[in-house]
Amino acid sequence: MNLREKLAAGRFVVTCEVGPPKGVDISEMKRSAERVRGRVDAANVTDQQGSVMRLSSLAGCCLLKEWGLEPVLQMTCRDRNRIALQSDLLGAAALGMENVLCLTGDYVTLGDHPQAKPVFDLDSVSLIEAARRLEEGHDLAGKDLKGAPRFFVGACVTPEADFLEPQILKMEKKVEAGARFFQTQAVYDVRKFADFMSTVQYLKVPVLAGVVVLRSAAMARYMNEKIAGIHIPDAVIAEMDRAADKAAKGVEIAARTIADIKGLCQGVHIMTIGQEKRTSDIIDAAGL
Amino acid sequence: MKAITRQKAPVEIEELLRGVSSVFLVGCGTCATMCRTGGREEVAEMAARLAASGKRVTGTAVVPTVCDALDREALAANARAMEQADGVLVMSCAFGVQMLALYTAKAVYPALDTLFMGQEMSPGAFTEVCVQCGECVLGWTGGICPITACPKGLLNGPCGGARKGKCEVSADRDCAWEVIYRRLGQQGRLGLLKKRRAPRDFSASPRPGTYLVE
């Protein structure tokens, strides 16, 4: 069963993130992938995460497939116009990729090429729509395709945004546009997440709660400041601060969060941001 | 709406004028005066700086509006001084520089960088208000332009990057979409945001733009 079929069957799914290298040495990426192979249902390959130039997500997904994992192709609107995005969607489908996570993308100045031209020709909603139109056999210009692709289109939402209503409004548009699953930004506040899930119940779309593992209190503060869409509560930061073994504490907090939210959503999406080797520790600790 | 400008760094102007021994200086009495980049005071400072670096300044003129074709008369009064110079250093927006290039056969050099079309929100603080996209959306965005005020120019609502109402790109800037959402909420027009908006039509604002009044 693939990700689409598992979610349709009501199975609780686990996905994780694999960051491609900056360069062509894929040995570490391969080790990370092998460590989670068989433990996760699918693995996302990030698209120049944080606007930092790396090996492409499409190439990364091909590698994951080769290594026996089911990939989720992350696509952002930051670097490609509608011609390039549709072209890459067709390319992905031809290479056997079905899962696509459509994102707006972090802004260019947050990354390592701040001088680059920010594209944002499409946004996440119109990118989802583009994927759906391709599935229907036409491109965004209405032209017929020779062979239509098939996708399982996902999108992102920020359940702990401090102003949630516009986020939910956009989530609704994403579902209307063709999003069939959501992977969320990091969840820390279980009550807030429970409220969010009951608010969006009407959308009838599977939600995989984002879990970000912390390494230290300093990293948590840094992420709060630098990483878009991440809001780590002070109480969690204080807990990290007090812990003697920070790495173990980070895994413990992630596992606890998963245990707390497991009954509320359809899966979890574990984001380890540069410490992929922790993914399997979290899966073990959470008893998944 | 004004053309907001910033003076180029002295080293860049020096590089532009390498090998140019005599210069005529043109300032502008409108936007560049307001931005304090090319008014009387700045033109006088620039003339002194150029003289100190060994250039001959054949004359200066701060014309009312450099971009206005009618100001050719103001320049005509300085024709001789301009004629004596190797080049013209223009302390106005790029529009003015290009008008000067049409007016004179001399080499023209910009002393300023043109940043955006902006509005003075408080004294000395300018904000970009319009990117001239050719498809005005203000009717359904509460009079706040997401194409200009959101760095990503998003049309279907906010990204997930805002924190405490501020943009992920700069903590000094409000998230345009949160402002739009609140404004439309106050007006009881949130329904406008439920509609999925198609991507921009860039063919509506081809570059370079041309327009013929019929």
# chains A, B, ... in the order shown; residues from 1 in each chain; ligands from 1
$ interface_residues --of "chain A" --to "chain B" --cutoff "9 Å" --atoms "only C-alpha atoms" --output "NGL selection string"
:A and (78 or 103-110 or 118-126 or 156-158 or 161-163 or 165-167 or 169-170 or 172-174 or 176-177 or 185 or 226-231)
$ write_last_selection --atoms "N, CA and C atoms" --output "CSV table (one decimal), in the first residue's frame"
chain,number,residue,atom,x,y,z
A,78,ARG,N,9.0,29.4,-5.0
A,78,ARG,CA,10.0,30.5,-4.8
A,78,ARG,C,10.9,30.6,-6.1
A,103,LEU,N,4.0,23.9,-1.7
A,103,LEU,CA,4.3,25.0,-0.7
A,103,LEU,C,4.6,26.3,-1.4
A,104,THR,N,4.3,27.4,-0.6
A,104,THR,CA,4.7,28.7,-1.1
A,104,THR,C,6.2,28.8,-1.2
A,105,GLY,N,6.9,28.4,-0.1
A,105,GLY,CA,8.4,28.5,0.0
A,105,GLY,C,8.8,29.7,0.8
A,106,ASP,N,9.9,29.6,1.5
A,106,ASP,CA,10.4,30.7,2.3
A,106,ASP,C,10.9,31.8,1.4
A,107,TYR,N,11.0,33.0,1.9
A,107,TYR,CA,11.5,34.1,1.1
A,107,TYR,C,13.0,33.9,0.8
A,108,VAL,N,13.4,34.4,-0.3
A,108,VAL,CA,14.7,34.3,-0.8
A,108,VAL,C,15.8,34.8,0.2
A,109,THR,N,15.5,36.0,0.8
A,109,THR,CA,16.5,36.6,1.6
A,109,THR,C,16.8,35.9,2.9
A,110,LEU,N,16.0,34.8,3.2
A,110,LEU,CA,16.2,34.0,4.4
A,110,LEU,C,17.3,33.0,4.2
A,118,PRO,N,13.3,36.5,-6.5
A,118,PRO,CA,12.3,35.7,-5.9
A,118,PRO,C,11.2,35.6,-7.0
A,119,VAL,N,10.7,34.4,-7.3
A,119,VAL,CA,9.8,34.1,-8.4
A,119,VAL,C,8.3,34.3,-7.9
A,120,PHE,N,7.8,33.3,-7.2
A,120,PHE,CA,6.5,33.4,-6.7
A,120,PHE,C,5.5,33.8,-7.8
A,121,ASP,N,5.6,33.1,-8.9
A,121,ASP,CA,4.7,33.3,-10.0
A,121,ASP,C,3.4,32.7,-9.6
A,122,LEU,N,3.4,31.5,-9.1
A,122,LEU,CA,2.2,30.8,-8.6
A,122,LEU,C,2.3,31.0,-7.0
A,123,ASP,N,1.2,30.7,-6.3
A,123,ASP,CA,1.3,30.5,-4.9
A,123,ASP,C,0.9,29.1,-4.6
A,124,SER,N,0.9,28.7,-3.3
A,124,SER,CA,0.6,27.3,-3.0
A,124,SER,C,-0.7,26.8,-3.5
A,125,VAL,N,-1.7,27.7,-3.5
A,125,VAL,CA,-3.1,27.4,-3.9
A,125,VAL,C,-3.1,27.1,-5.5
A,126,SER,N,-2.5,28.0,-6.2
A,126,SER,CA,-2.5,27.9,-7.6
A,126,SER,C,-1.5,26.7,-8.1
A,156,CYS,N,0.4,22.3,3.1
A,156,CYS,CA,0.9,22.6,4.5
A,156,CYS,C,0.0,23.6,5.2
A,157,VAL,N,-0.1,23.5,6.5
A,157,VAL,CA,-0.9,24.5,7.2
A,157,VAL,C,-0.1,24.7,8.6
A,158,THR,N,-0.3,25.9,9.2
A,158,THR,CA,0.4,26.2,10.4
A,158,THR,C,-0.7,26.2,11.6
A,161,ALA,N,-0.2,29.0,14.3
A,161,ALA,CA,-0.1,30.4,13.9
A,161,ALA,C,-0.8,31.2,14.9
A,162,ASP,N,-0.2,32.4,15.3
A,162,ASP,CA,-0.9,33.2,16.3
A,162,ASP,C,-2.2,33.9,15.8
A,163,PHE,N,-2.3,33.9,14.5
A,163,PHE,CA,-3.6,34.4,13.9
A,163,PHE,C,-4.1,33.3,12.9
A,165,GLU,N,-7.3,32.2,11.9
A,165,GLU,CA,-8.4,32.3,10.9
A,165,GLU,C,-8.0,32.4,9.5
A,166,PRO,N,-7.0,33.3,9.1
A,166,PRO,CA,-6.6,33.3,7.7
A,166,PRO,C,-5.9,32.1,7.2
A,167,GLN,N,-5.3,31.4,8.2
A,167,GLN,CA,-4.6,30.1,7.8
A,167,GLN,C,-5.7,29.1,7.4
A,169,LEU,N,-8.7,29.7,6.4
A,169,LEU,CA,-9.3,30.1,5.1
A,169,LEU,C,-8.5,29.6,4.0
A,170,LYS,N,-7.2,29.7,4.1
A,170,LYS,CA,-6.3,29.3,3.0
A,170,LYS,C,-6.3,27.8,2.9
A,172,GLU,N,-8.8,25.9,3.5
A,172,GLU,CA,-10.0,25.5,2.8
A,172,GLU,C,-9.8,25.7,1.2
A,173,LYS,N,-9.2,26.8,0.9
A,173,LYS,CA,-8.9,27.0,-0.6
A,173,LYS,C,-8.0,25.9,-1.1
A,174,LYS,N,-7.1,25.5,-0.3
A,174,LYS,CA,-6.2,24.4,-0.8
A,174,LYS,C,-6.9,23.1,-1.0
A,176,GLU,N,-10.1,22.9,-1.7
A,176,GLU,CA,-10.9,23.1,-2.9
A,176,GLU,C,-10.1,23.0,-4.2
A,177,ALA,N,-8.9,23.4,-4.1
A,177,ALA,CA,-8.0,23.4,-5.3
A,177,ALA,C,-7.5,22.0,-5.6
A,185,GLN,N,3.0,22.4,10.0
A,185,GLN,CA,4.1,23.0,10.7
A,185,GLN,C,4.2,22.4,12.1
A,226,LYS,N,14.4,32.4,13.6
A,226,LYS,CA,14.8,32.3,12.2
A,226,LYS,C,14.0,31.5,11.3
A,227,ILE,N,13.3,30.5,11.8
A,227,ILE,CA,12.6,29.6,10.9
A,227,ILE,C,11.1,29.9,10.9
A,228,ALA,N,10.7,30.3,9.6
A,228,ALA,CA,9.3,30.7,9.4
A,228,ALA,C,8.3,29.6,9.8
A,229,GLY,N,7.3,30.0,10.5
A,229,GLY,CA,6.2,29.1,10.9
A,229,GLY,C,6.4,28.2,12.1
A,230,ILE,N,7.6,28.4,12.8
A,230,ILE,CA,7.8,27.6,14.0
A,230,ILE,C,7.6,28.5,15.2
A,231,HIS,N,6.8,28.0,16.1
A,231,HIS,CA,6.5,28.7,17.4
A,231,HIS,C,6.7,27.8,18.5
$ residues_around --residues "Gly38 of chain A" --least-positions-apart "3" --cutoff "10 Å" --atoms "only C-alpha atoms" --output "PyMOL selection string"
chain A and resi 33-35+41-42+68-70
$ select_by_dssp --residues "segment 23-252 of chain A" --states "alpha helix (DSSP H)" --output "number ranges by chain"
A: 27-36, 57-66, 82-94, 124-135, 165-177, 190-199, 217-226, 234-242, 246-252
$ residues_around --residues "Val236 of chain A" --least-positions-apart "4" --cutoff "9 Å" --atoms "only C-alpha atoms" --output "number ranges by chain"
A: 188, 217, 220, 232, 240-241, 253
$ residues_around --residues "Pro21 of chain A" --least-positions-apart "2" --cutoff "12 Å" --atoms "only C-alpha atoms" --output "PyMOL selection string"
chain A and resi 18-19+23-30+32+45-49+52-57+59-60+274
$ atom_distance --atom1 "atom CA of Lys8 of chain B" --atom2 "atom CA of Gln98 of chain B"
16.9 Å
$ residues_around --residues "segment 112-120 of chain B" --least-positions-apart "5" --cutoff "6 Å" --atoms "only C-alpha atoms" --output "JSON, numbers by chain"
{"B": [1, 2, 3, 4, 5, 6, 7, 8, 91, 93, 125, 126, 127, 128, 129]}
$ residues_around --residues "Phe196 of chain A" --least-positions-apart "5" --cutoff "12 Å" --atoms "only C-alpha atoms" --output "ChimeraX atom specification"
/A:157-165,167-168,171,184,187,189-191,201-203,207,209,261,264-265
$ atom_distance --atom1 "atom CA of Thr65 of chain B" --atom2 "atom CA of Pro10 of chain B"
24.1 Å
$ atom_distance --atom1 "atom CA of Tyr211 of chain B" --atom2 "atom CA of Ala69 of chain B"
18.0 Å
$ residues_around --residues "Gln266 of chain A" --least-positions-apart "2" --cutoff "9 Å" --atoms "only C-alpha atoms" --output "list in words"
Leu7, Gly10, Arg11, Phe12, Val13, Pro206, Val207, Leu208, Ala209, Lys262, Gly263, Leu264 and Val268 of chain A
$ write_last_selection --atoms "C-alpha atoms" --output "PDB file, in the first residue's frame"
ATOM      1  CA  LEU A   7      -4.601   7.172   4.418  1.00  0.00           C
ATOM      2  CA  GLY A  10      -7.548   4.924   7.823  1.00  0.00           C
ATOM      3  CA  ARG A  11      -4.053   3.754   8.807  1.00  0.00           C
ATOM      4  CA  PHE A  12      -2.048   6.063  11.066  1.00  0.00           C
ATOM      5  CA  VAL A  13       0.929   7.088   8.909  1.00  0.00           C
ATOM      6  CA  PRO A 206      -6.192  13.756   6.501  1.00  0.00           C
ATOM      7  CA  VAL A 207      -3.812  15.792   8.634  1.00  0.00           C
ATOM      8  CA  LEU A 208      -0.279  14.643   9.489  1.00  0.00           C
ATOM      9  CA  ALA A 209       0.860  16.656  12.493  1.00  0.00           C
ATOM     10  CA  LYS A 262      -1.990  10.489  18.043  1.00  0.00           C
ATOM     11  CA  GLY A 263      -5.712  10.220  18.650  1.00  0.00           C
ATOM     12  CA  LEU A 264      -6.420  13.608  17.089  1.00  0.00           C
ATOM     13  CA  VAL A 268       2.666  12.482  12.019  1.00  0.00           C
TER      14      VAL A 268
END
$ closest_residue --among "B:Thr148, B:Pro110, B:Cys130, B:Gly143" --to "Glu15 of chain B" --atoms "only C-alpha atoms"
B:Pro110
$ decode --residues "segment 85-131 of chain A" --atoms "C-alpha atoms" --output "PDB file, in the first residue's frame"
ATOM      1  CA  LEU A  85       6.773  24.021 -12.109  1.00  0.00           C
ATOM      2  CA  GLN A  86       4.358  22.248 -14.468  1.00  0.00           C
ATOM      3  CA  SER A  87       7.288  20.814 -16.384  1.00  0.00           C
ATOM      4  CA  ASP A  88       8.817  19.420 -13.189  1.00  0.00           C
ATOM      5  CA  LEU A  89       5.435  17.989 -12.149  1.00  0.00           C
ATOM      6  CA  LEU A  90       5.253  16.122 -15.459  1.00  0.00           C
ATOM      7  CA  GLY A  91       8.853  15.005 -15.042  1.00  0.00           C
ATOM      8  CA  ALA A  92       8.155  13.741 -11.534  1.00  0.00           C
ATOM      9  CA  ALA A  93       5.139  11.760 -12.718  1.00  0.00           C
ATOM     10  CA  ALA A  94       7.097  10.243 -15.597  1.00  0.00           C
ATOM     11  CA  LEU A  95       9.753   9.128 -13.084  1.00  0.00           C
ATOM     12  CA  GLY A  96       7.101   7.399 -10.980  1.00  0.00           C
ATOM     13  CA  MET A  97       6.549  10.026  -8.310  1.00  0.00           C
ATOM     14  CA  GLU A  98       2.990  10.439  -7.103  1.00  0.00           C
ATOM     15  CA  ASN A  99       3.151  12.337  -3.801  1.00  0.00           C
ATOM     16  CA  VAL A 100       3.679  16.072  -4.153  1.00  0.00           C
ATOM     17  CA  LEU A 101       3.654  18.598  -1.321  1.00  0.00           C
ATOM     18  CA  CYS A 102       2.841  22.055  -2.706  1.00  0.00           C
ATOM     19  CA  LEU A 103       4.284  24.954  -0.732  1.00  0.00           C
ATOM     20  CA  THR A 104       4.720  28.691  -1.148  1.00  0.00           C
ATOM     21  CA  GLY A 105       8.360  28.545  -0.032  1.00  0.00           C
ATOM     22  CA  ASP A 106      10.411  30.659   2.343  1.00  0.00           C
ATOM     23  CA  TYR A 107      11.462  34.055   1.090  1.00  0.00           C
ATOM     24  CA  VAL A 108      14.746  34.277  -0.810  1.00  0.00           C
ATOM     25  CA  THR A 109      16.497  36.622   1.610  1.00  0.00           C
ATOM     26  CA  LEU A 110      16.207  34.014   4.408  1.00  0.00           C
ATOM     27  CA  GLY A 111      18.690  31.757   2.624  1.00  0.00           C
ATOM     28  CA  ASP A 112      22.223  31.711   1.276  1.00  0.00           C
ATOM     29  CA  HIS A 113      21.558  33.444  -2.072  1.00  0.00           C
ATOM     30  CA  PRO A 114      19.773  36.582  -0.862  1.00  0.00           C
ATOM     31  CA  GLN A 115      20.539  38.342  -4.169  1.00  0.00           C
ATOM     32  CA  ALA A 116      18.488  35.843  -6.221  1.00  0.00           C
ATOM     33  CA  LYS A 117      15.278  36.861  -7.972  1.00  0.00           C
ATOM     34  CA  PRO A 118      12.251  35.749  -5.937  1.00  0.00           C
ATOM     35  CA  VAL A 119       9.801  34.150  -8.384  1.00  0.00           C
ATOM     36  CA  PHE A 120       6.463  33.387  -6.653  1.00  0.00           C
ATOM     37  CA  ASP A 121       4.686  33.337 -10.025  1.00  0.00           C
ATOM     38  CA  LEU A 122       2.205  30.844  -8.556  1.00  0.00           C
ATOM     39  CA  ASP A 123       1.300  30.492  -4.893  1.00  0.00           C
ATOM     40  CA  SER A 124       0.618  27.277  -2.989  1.00  0.00           C
ATOM     41  CA  VAL A 125      -3.077  27.366  -3.939  1.00  0.00           C
ATOM     42  CA  SER A 126      -2.472  27.868  -7.648  1.00  0.00           C
ATOM     43  CA  LEU A 127       0.319  25.263  -7.636  1.00  0.00           C
ATOM     44  CA  ILE A 128      -2.130  22.706  -6.209  1.00  0.00           C
ATOM     45  CA  GLU A 129      -4.576  23.743  -8.891  1.00  0.00           C
ATOM     46  CA  ALA A 130      -1.893  23.337 -11.561  1.00  0.00           C
ATOM     47  CA  ALA A 131      -1.272  19.742 -10.415  1.00  0.00           C
TER      48      ALA A 131
END
